[in-house]
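Reproduced below: structure.cif, with mmCIF, C-alpha atoms and all ligand atoms.
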```cif
data_run
loop_
_atom_site.label_atom_id
_atom_site.label_comp_id
_atom_site.auth_asym_id
_atom_site.auth_seq_id
_atom_site.Cartn_x
_atom_site.Cartn_y
_atom_site.Cartn_z
CA MET A 206 2.89 46.77 -54.76
CA TYR A 207 1.16 45.37 -57.81
CA TYR A 208 2.56 42.43 -59.68
CA ILE A 209 1.77 40.62 -62.87
CA TYR A 210 2.87 37.07 -63.28
CA ILE A 211 4.04 35.81 -66.64
CA LEU A 212 3.89 32.10 -67.23
CA LYS A 213 6.30 30.85 -69.88
CA LYS A 214 6.38 27.36 -71.27
CA GLU A 215 9.96 26.10 -71.31
CA ASN A 216 11.25 23.90 -74.16
CA ASN A 217 11.32 20.95 -71.83
CA GLY A 218 7.63 21.43 -71.12
CA SER A 219 7.98 22.85 -67.61
CA ASN A 220 6.46 26.17 -66.62
CA ARG A 221 8.52 29.11 -65.44
CA THR A 222 7.06 32.16 -63.70
CA PHE A 223 8.49 35.67 -63.99
CA THR A 224 7.35 38.44 -61.69
CA VAL A 225 7.23 42.02 -62.95
CA ASP A 226 6.58 44.97 -60.69
CA THR A 227 4.00 47.08 -62.50
CA GLN A 228 3.16 49.72 -59.93
CA MET A 229 2.54 52.96 -61.76
CA LYS A 230 5.25 55.46 -60.84
CA TYR A 231 4.42 59.09 -60.21
CA LYS A 232 6.41 61.38 -62.50
CA GLU A 233 6.15 64.26 -60.08
CA ILE A 234 5.52 64.87 -56.41
CA THR A 235 1.90 65.70 -55.66
CA GLU A 236 -0.27 65.53 -52.55
CA GLU A 237 -1.61 62.27 -53.97
CA SER A 238 1.82 60.73 -54.54
CA ILE A 239 2.84 61.74 -51.00
CA LYS A 240 -0.19 59.96 -49.59
CA VAL A 241 0.61 56.80 -51.59
CA LEU A 242 4.25 56.84 -50.49
CA VAL A 243 3.42 57.44 -46.81
CA ASP A 244 0.69 54.77 -46.76
CA GLN A 245 2.97 52.19 -48.40
CA PHE A 246 5.88 53.05 -46.14
CA TYR A 247 3.95 52.72 -42.88
CA THR A 248 2.33 49.49 -44.06
CA LYS A 249 5.88 48.10 -44.28
CA ILE A 250 6.83 49.67 -40.94
CA ARG A 251 3.91 48.02 -39.18
CA GLN A 252 4.79 44.64 -40.72
CA ASP A 253 8.48 44.93 -39.84
CA SER A 254 9.49 42.63 -37.01
CA GLU A 255 11.82 45.20 -35.42
CA LEU A 256 10.34 48.59 -36.29
CA GLY A 257 6.70 47.55 -35.98
CA PRO A 258 6.75 47.05 -32.19
CA VAL A 259 8.61 50.36 -31.62
CA PHE A 260 5.99 52.30 -33.56
CA GLU A 261 3.01 50.40 -32.20
CA GLY A 262 4.36 50.84 -28.68
CA THR A 263 3.89 54.59 -29.00
CA ILE A 264 1.17 55.03 -31.62
CA GLY A 265 -0.90 51.99 -30.68
CA VAL A 266 -2.36 49.22 -32.79
CA ASP A 267 -5.81 50.58 -33.62
CA GLU A 268 -6.61 52.02 -37.03
CA ALA A 269 -7.85 55.38 -35.66
CA SER A 270 -4.50 56.11 -34.00
CA TRP A 271 -2.63 55.14 -37.17
CA LYS A 272 -4.89 57.30 -39.31
CA LYS A 273 -3.97 60.24 -37.08
CA HIS A 274 -0.25 59.47 -37.47
CA LEU A 275 -0.58 59.13 -41.25
CA LEU A 276 -2.36 62.49 -41.52
CA ILE A 277 0.55 64.11 -39.67
CA MET A 278 3.03 62.39 -41.96
CA TYR A 279 1.22 63.58 -45.12
CA ASP A 280 1.59 67.13 -43.76
CA PHE A 281 5.23 66.54 -42.85
CA TRP A 282 6.30 65.28 -46.29
CA SER A 283 4.16 67.87 -48.02
CA SER A 284 6.03 70.57 -46.08
CA ILE A 285 9.42 69.02 -46.84
CA MET A 286 8.97 68.15 -50.52
CA LEU A 287 6.41 70.73 -51.66
CA THR A 288 7.22 73.45 -49.09
CA SER A 289 3.48 73.63 -48.34
CA GLY A 290 4.09 74.70 -44.72
CA ARG A 291 1.37 72.34 -43.53
CA TYR A 292 3.40 70.64 -40.80
CA HIS A 293 3.71 72.49 -37.51
CA GLY A 294 4.99 69.76 -35.19
CA ASN A 295 8.24 69.16 -33.38
CA PRO A 296 9.72 65.82 -34.50
CA HIS A 297 12.74 66.15 -32.20
CA GLN A 298 10.53 66.42 -29.13
CA LYS A 299 8.31 63.56 -30.34
CA HIS A 300 11.24 61.20 -30.92
CA GLN A 301 12.79 62.08 -27.58
CA ASN A 302 9.61 60.88 -25.90
CA ILE A 303 9.67 57.45 -27.54
CA PRO A 304 10.99 54.73 -25.18
CA ALA A 305 14.68 54.05 -25.94
CA PHE A 306 15.29 51.95 -29.06
CA ASP A 307 18.36 50.64 -30.87
CA ILE A 308 19.89 53.49 -32.89
CA GLN A 309 20.71 50.95 -35.66
CA LEU A 310 16.99 50.91 -36.41
CA PHE A 311 17.46 54.21 -38.22
CA ASP A 312 19.26 52.34 -41.01
CA ARG A 313 16.40 49.87 -41.26
CA TRP A 314 13.95 52.79 -41.37
CA LEU A 315 15.98 54.49 -44.12
CA ASN A 316 16.22 51.29 -46.20
CA LEU A 317 12.48 50.75 -46.08
CA PHE A 318 11.88 54.39 -46.90
CA SER A 319 14.25 54.28 -49.88
CA GLU A 320 12.68 51.05 -51.13
CA THR A 321 9.23 52.67 -50.97
CA ALA A 322 10.36 55.92 -52.61
CA HIS A 323 11.72 53.86 -55.54
CA GLU A 324 8.45 51.95 -55.81
CA VAL A 325 6.45 55.16 -56.06
CA HIS A 326 8.82 57.32 -58.14
CA ASP A 327 11.54 57.03 -60.72
CA PHE A 328 15.16 57.28 -59.63
CA ARG A 329 15.42 61.08 -59.88
CA ILE A 330 12.59 61.88 -57.48
CA ALA A 331 13.25 58.88 -55.26
CA LYS A 332 16.76 60.23 -54.73
CA GLN A 333 15.37 63.58 -53.56
CA TYR A 334 13.33 61.74 -50.92
CA VAL A 335 16.27 59.58 -49.92
CA ASP A 336 18.60 62.58 -49.55
CA ARG A 337 16.09 64.47 -47.41
CA SER A 338 15.28 61.46 -45.25
CA GLN A 339 18.98 60.78 -44.62
CA ARG A 340 19.66 64.33 -43.55
CA ILE A 341 16.64 64.46 -41.24
CA ALA A 342 17.55 61.07 -39.78
CA GLU A 343 21.05 62.30 -38.91
CA SER A 344 19.59 65.21 -37.00
CA LEU A 345 16.89 63.09 -35.30
CA LYS A 346 19.52 60.59 -34.18
CA LEU A 347 21.09 63.34 -32.08
CA SER A 348 17.77 63.85 -30.29
CA VAL A 349 17.20 60.23 -29.38
CA LYS A 350 20.75 59.48 -28.18
C1 LIG B 401 14.22 54.17 -36.28
C2 LIG B 401 13.80 55.36 -36.66
C3 LIG B 401 12.49 55.96 -36.23
C4 LIG B 401 11.59 55.55 -35.31
C5 LIG B 401 11.63 54.31 -34.43
C6 LIG B 401 10.51 56.51 -35.30
C7 LIG B 401 9.38 56.43 -34.53
C8 LIG B 401 8.36 57.34 -34.50
C9 LIG B 401 7.18 57.24 -33.67
C10 LIG B 401 6.88 56.12 -32.71
C11 LIG B 401 6.44 58.34 -33.91
C12 LIG B 401 5.10 58.72 -33.23
C13 LIG B 401 5.39 59.66 -32.09
C14 LIG B 401 4.13 60.10 -31.35
O1 LIG B 401 3.03 60.07 -31.92
O2 LIG B 401 4.25 60.49 -30.18
C15 LIG B 401 7.13 59.12 -34.90
C16 LIG B 401 6.66 60.31 -35.40
C17 LIG B 401 7.27 61.00 -36.40
N1 LIG B 401 8.41 60.64 -37.08
FE1 LIG B 401 9.59 59.09 -36.64
N2 LIG B 401 10.78 57.49 -36.22
C18 LIG B 401 11.97 57.19 -36.82
C19 LIG B 401 12.60 57.90 -37.81
C20 LIG B 401 12.08 59.01 -38.42
C21 LIG B 401 12.70 59.71 -39.53
C22 LIG B 401 14.05 59.34 -40.17
C23 LIG B 401 11.88 60.75 -39.83
C24 LIG B 401 12.02 61.81 -40.90
C25 LIG B 401 12.74 61.64 -42.01
C26 LIG B 401 10.76 60.71 -38.92
C27 LIG B 401 9.73 61.61 -38.88
C28 LIG B 401 8.69 61.61 -38.00
C29 LIG B 401 7.70 62.66 -37.90
C30 LIG B 401 7.62 63.94 -38.71
C31 LIG B 401 6.80 62.28 -36.89
C32 LIG B 401 5.56 63.03 -36.43
C33 LIG B 401 5.89 63.92 -35.24
C34 LIG B 401 4.63 64.69 -34.81
O3 LIG B 401 3.71 64.06 -34.27
O4 LIG B 401 4.59 65.90 -35.04
N3 LIG B 401 10.90 59.64 -38.09
N4 LIG B 401 8.28 58.49 -35.25
#
```
Show this structure as structure tokens.
Amino acid sequence: MYYIYILKKENNGSNRTFTVDTQMKYKEITEESIKVLVDQFYTKIRQDSELGPVFEGTIGVDEASWKKHLLIMYDFWSSIMLTSGRYHGNPHQKHQNIPAFDIQLFDRWLNLFSETAHEVHDFRIAKQYVDRSQRIAESLKLSVK
């Protein structure tokens, strides 16, 4: 996220700060925009007090392991959104192997994902991501139950 801060002098002499989100939004989905979205999303995931430990418990905490995960996720979203056919994994199997976690965390995952999609794209494209993520989440939930 990139912010600019605007400092405005009030009539009474005090200063007031406004924050404006100025991240450039991608007008279409490209391999580059996918990379930006995935990187931003997993930065939030790793910082999240509830999701972070679940992910780091399986992926690890070192940068090399995360780089590997991110490369897989670029392929995944490229296959989903650009039908590039680059992803050949089995997410259901992978999620089944993760130690049991609270199913409610899916909602937290989806909220963070939606927030990120809206940071990277305008509403129209963000909605496409959100719709796809919700549908995939519903099917993944059945695997982890
Ligand atoms: C609370 C919800 C979720 C949790 C805790 C979670 C956790 C994880 C973890 C720990 C991995 C790494 C697995 C490994 O390397 O063995 C992973 C991989 C993955 N996740 Fe999730 N996930 C969640 C939701 C989702 C959703 C909603 C999607 C899709 C929209 C998704 C798509 C994927 C994909 C494609 C992989 C890569 C699988 C592969 O290695 O081929 N995940 N997830």
Q.
Considering only C-alpha atoms, can you say which of A:Tyr292, A:Phe246, A:Phe260, A:Phe311 comes closest to Glu343 in chain A?
A. A:Phe311
Wanna dump the chain A-ligand LIG 401 (chain B) contacts at 6 Å for me, each residue with its shortest atom pair and the distance in Å to one decimal, counting all atoms listed in the file, ordered by chain and number, as CSV?
```
residue,atom,partner,partner_atom,distance
A:Val259,CA,B:LIG401,C5,5.7
A:Phe260,CA,B:LIG401,C10,4.0
A:Thr263,CA,B:LIG401,C10,5.0
A:Ile264,CA,B:LIG401,O1,5.4
A:Met278,CA,B:LIG401,C30,5.8
A:Phe281,CA,B:LIG401,C30,5.4
A:Gly294,CA,B:LIG401,O4,3.9
A:Asn295,CA,B:LIG401,O4,5.2
A:Pro296,CA,B:LIG401,C33,4.3
A:Lys299,CA,B:LIG401,O2,5.1
A:His300,CA,B:LIG401,N4,5.9
A:Leu310,CA,B:LIG401,C1,4.3
A:Phe311,CA,B:LIG401,C1,3.8
A:Trp314,CA,B:LIG401,C1,5.3
A:Ser338,CA,B:LIG401,C25,4.1
A:Ile341,CA,B:LIG401,C25,4.9
A:Ala342,CA,B:LIG401,C22,3.9
```
Q: Tell me which of A:His323, A:Phe328, A:Gln339, A:Lys350 sits closest to Gln245 in chain A, counting all atoms listed in the file.
A: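 Smallest distance to Gln245 in chain A is found for A:His323.
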Enclose the full set of atoms of range 319-332 of chain A listed in the file within a box whose edges lie along x, y and z, apply 6 Å of padding to each of the six sides, and report centre and edge lengths in Å to one decimal as JSON.
```
{"center_x": 11.6, "center_y": 56.5, "center_z": -55.3, "size_x": 22.3, "size_y": 22.8, "size_z": 22.8}
```
Q. By how many Å are CA of Val349 in chain A and CA of Ser238 in chain A apart?
A. 29.5 Å
Q: Enumerate, as a PyMOL selection string, the protein, DNA and RNA residues whose atoms approach (16.8, 47.2, -42.9) to within 12 Å, taking into account only C-alpha atoms and the coordinate frame of the file.
A: chain A and resi 249-250+253-256+309-320
(Q) Please compute the CA of Glu324 in chain A-CA of Ile234 in chain A distance, one decimal, in Å. (A)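 So the two atoms, CA of Glu324 in chain A and CA of Ile234 in chain A, lie 13.3 Å apart.
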Q | Atom-to-atom span, CA of Ser344 in chain A and CA of Thr235 in chain A, Å | A |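 For CA of Ser344 in chain A relative to CA of Thr235 in chain A, the distance reads 25.7 Å.
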Q.
Under the rule that all atoms listed in the file are counted, which of A:Glu236, A:Asp336, A:Asp267, A:Asp244 is the nearest residue to Ser284 in chain A?
A.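 Between A:Glu236, A:Asp336, A:Asp267, A:Asp244, the residue approaching Ser284 in chain A most closely is A:Glu236.
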Give me range 275-296 of chain A with N, CA and C atoms filled in, as a JSON list (two decimals), in the frame of the given file.
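New file rebuild39.json:
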```json
[["chain", "number", "residue", "atom", "x", "y", "z"],
["A", 275, "LEU", "N", -0.77, 58.99, -39.79],
["A", 275, "LEU", "CA", -0.58, 59.13, -41.25],
["A", 275, "LEU", "C", -0.92, 60.53, -41.71],
["A", 276, "LEU", "N", -1.98, 61.12, -41.14],
["A", 276, "LEU", "CA", -2.36, 62.49, -41.52],
["A", 276, "LEU", "C", -1.22, 63.46, -41.20],
["A", 277, "ILE", "N", -0.59, 63.24, -40.04],
["A", 277, "ILE", "CA", 0.55, 64.11, -39.67],
["A", 277, "ILE", "C", 1.69, 63.92, -40.67],
["A", 278, "MET", "N", 1.91, 62.65, -41.06],
["A", 278, "MET", "CA", 3.03, 62.39, -41.96],
["A", 278, "MET", "C", 2.79, 62.91, -43.37],
["A", 279, "TYR", "N", 1.51, 62.94, -43.81],
["A", 279, "TYR", "CA", 1.22, 63.58, -45.12],
["A", 279, "TYR", "C", 1.64, 65.06, -45.04],
["A", 280, "ASP", "N", 1.25, 65.70, -43.93],
["A", 280, "ASP", "CA", 1.59, 67.13, -43.76],
["A", 280, "ASP", "C", 3.10, 67.33, -43.72],
["A", 281, "PHE", "N", 3.77, 66.43, -42.99],
["A", 281, "PHE", "CA", 5.23, 66.54, -42.85],
["A", 281, "PHE", "C", 5.91, 66.49, -44.22],
["A", 282, "TRP", "N", 5.61, 65.43, -45.00],
["A", 282, "TRP", "CA", 6.30, 65.28, -46.29],
["A", 282, "TRP", "C", 5.86, 66.32, -47.30],
["A", 283, "SER", "N", 4.62, 66.79, -47.15],
["A", 283, "SER", "CA", 4.16, 67.87, -48.02],
["A", 283, "SER", "C", 4.96, 69.15, -47.72],
["A", 284, "SER", "N", 5.23, 69.40, -46.45],
["A", 284, "SER", "CA", 6.03, 70.57, -46.08],
["A", 284, "SER", "C", 7.47, 70.43, -46.57],
["A", 285, "ILE", "N", 8.02, 69.22, -46.44],
["A", 285, "ILE", "CA", 9.42, 69.02, -46.84],
["A", 285, "ILE", "C", 9.57, 69.08, -48.36],
["A", 286, "MET", "N", 8.74, 68.32, -49.07],
["A", 286, "MET", "CA", 8.97, 68.15, -50.52],
["A", 286, "MET", "C", 8.26, 69.20, -51.37],
["A", 287, "LEU", "N", 7.16, 69.74, -50.86],
["A", 287, "LEU", "CA", 6.41, 70.73, -51.66],
["A", 287, "LEU", "C", 6.40, 72.10, -50.98],
["A", 288, "THR", "N", 7.17, 72.22, -49.90],
["A", 288, "THR", "CA", 7.22, 73.45, -49.09],
["A", 288, "THR", "C", 5.82, 74.05, -48.87],
["A", 289, "SER", "N", 4.87, 73.17, -48.52],
["A", 289, "SER", "CA", 3.48, 73.63, -48.34],
["A", 289, "SER", "C", 3.28, 74.30, -46.98],
["A", 290, "GLY", "N", 4.22, 74.09, -46.05],
["A", 290, "GLY", "CA", 4.09, 74.70, -44.72],
["A", 290, "GLY", "C", 2.97, 74.11, -43.88],
["A", 291, "ARG", "N", 2.52, 72.92, -44.25],
["A", 291, "ARG", "CA", 1.37, 72.34, -43.53],
["A", 291, "ARG", "C", 1.74, 71.70, -42.19],
["A", 292, "TYR", "N", 3.00, 71.33, -42.03],
["A", 292, "TYR", "CA", 3.40, 70.64, -40.80],
["A", 292, "TYR", "C", 3.89, 71.64, -39.76],
["A", 293, "HIS", "N", 3.32, 71.54, -38.55],
["A", 293, "HIS", "CA", 3.71, 72.49, -37.51],
["A", 293, "HIS", "C", 4.21, 71.78, -36.25],
["A", 294, "GLY", "N", 4.60, 70.52, -36.38],
["A", 294, "GLY", "CA", 4.99, 69.76, -35.19],
["A", 294, "GLY", "C", 6.45, 69.93, -34.83],
["A", 295, "ASN", "N", 6.85, 69.14, -33.85],
["A", 295, "ASN", "CA", 8.24, 69.16, -33.38],
["A", 295, "ASN", "C", 8.77, 67.72, -33.32],
["A", 296, "PRO", "N", 9.29, 67.22, -34.45],
["A", 296, "PRO", "CA", 9.72, 65.82, -34.50],
["A", 296, "PRO", "C", 10.79, 65.48, -33.47]]
```
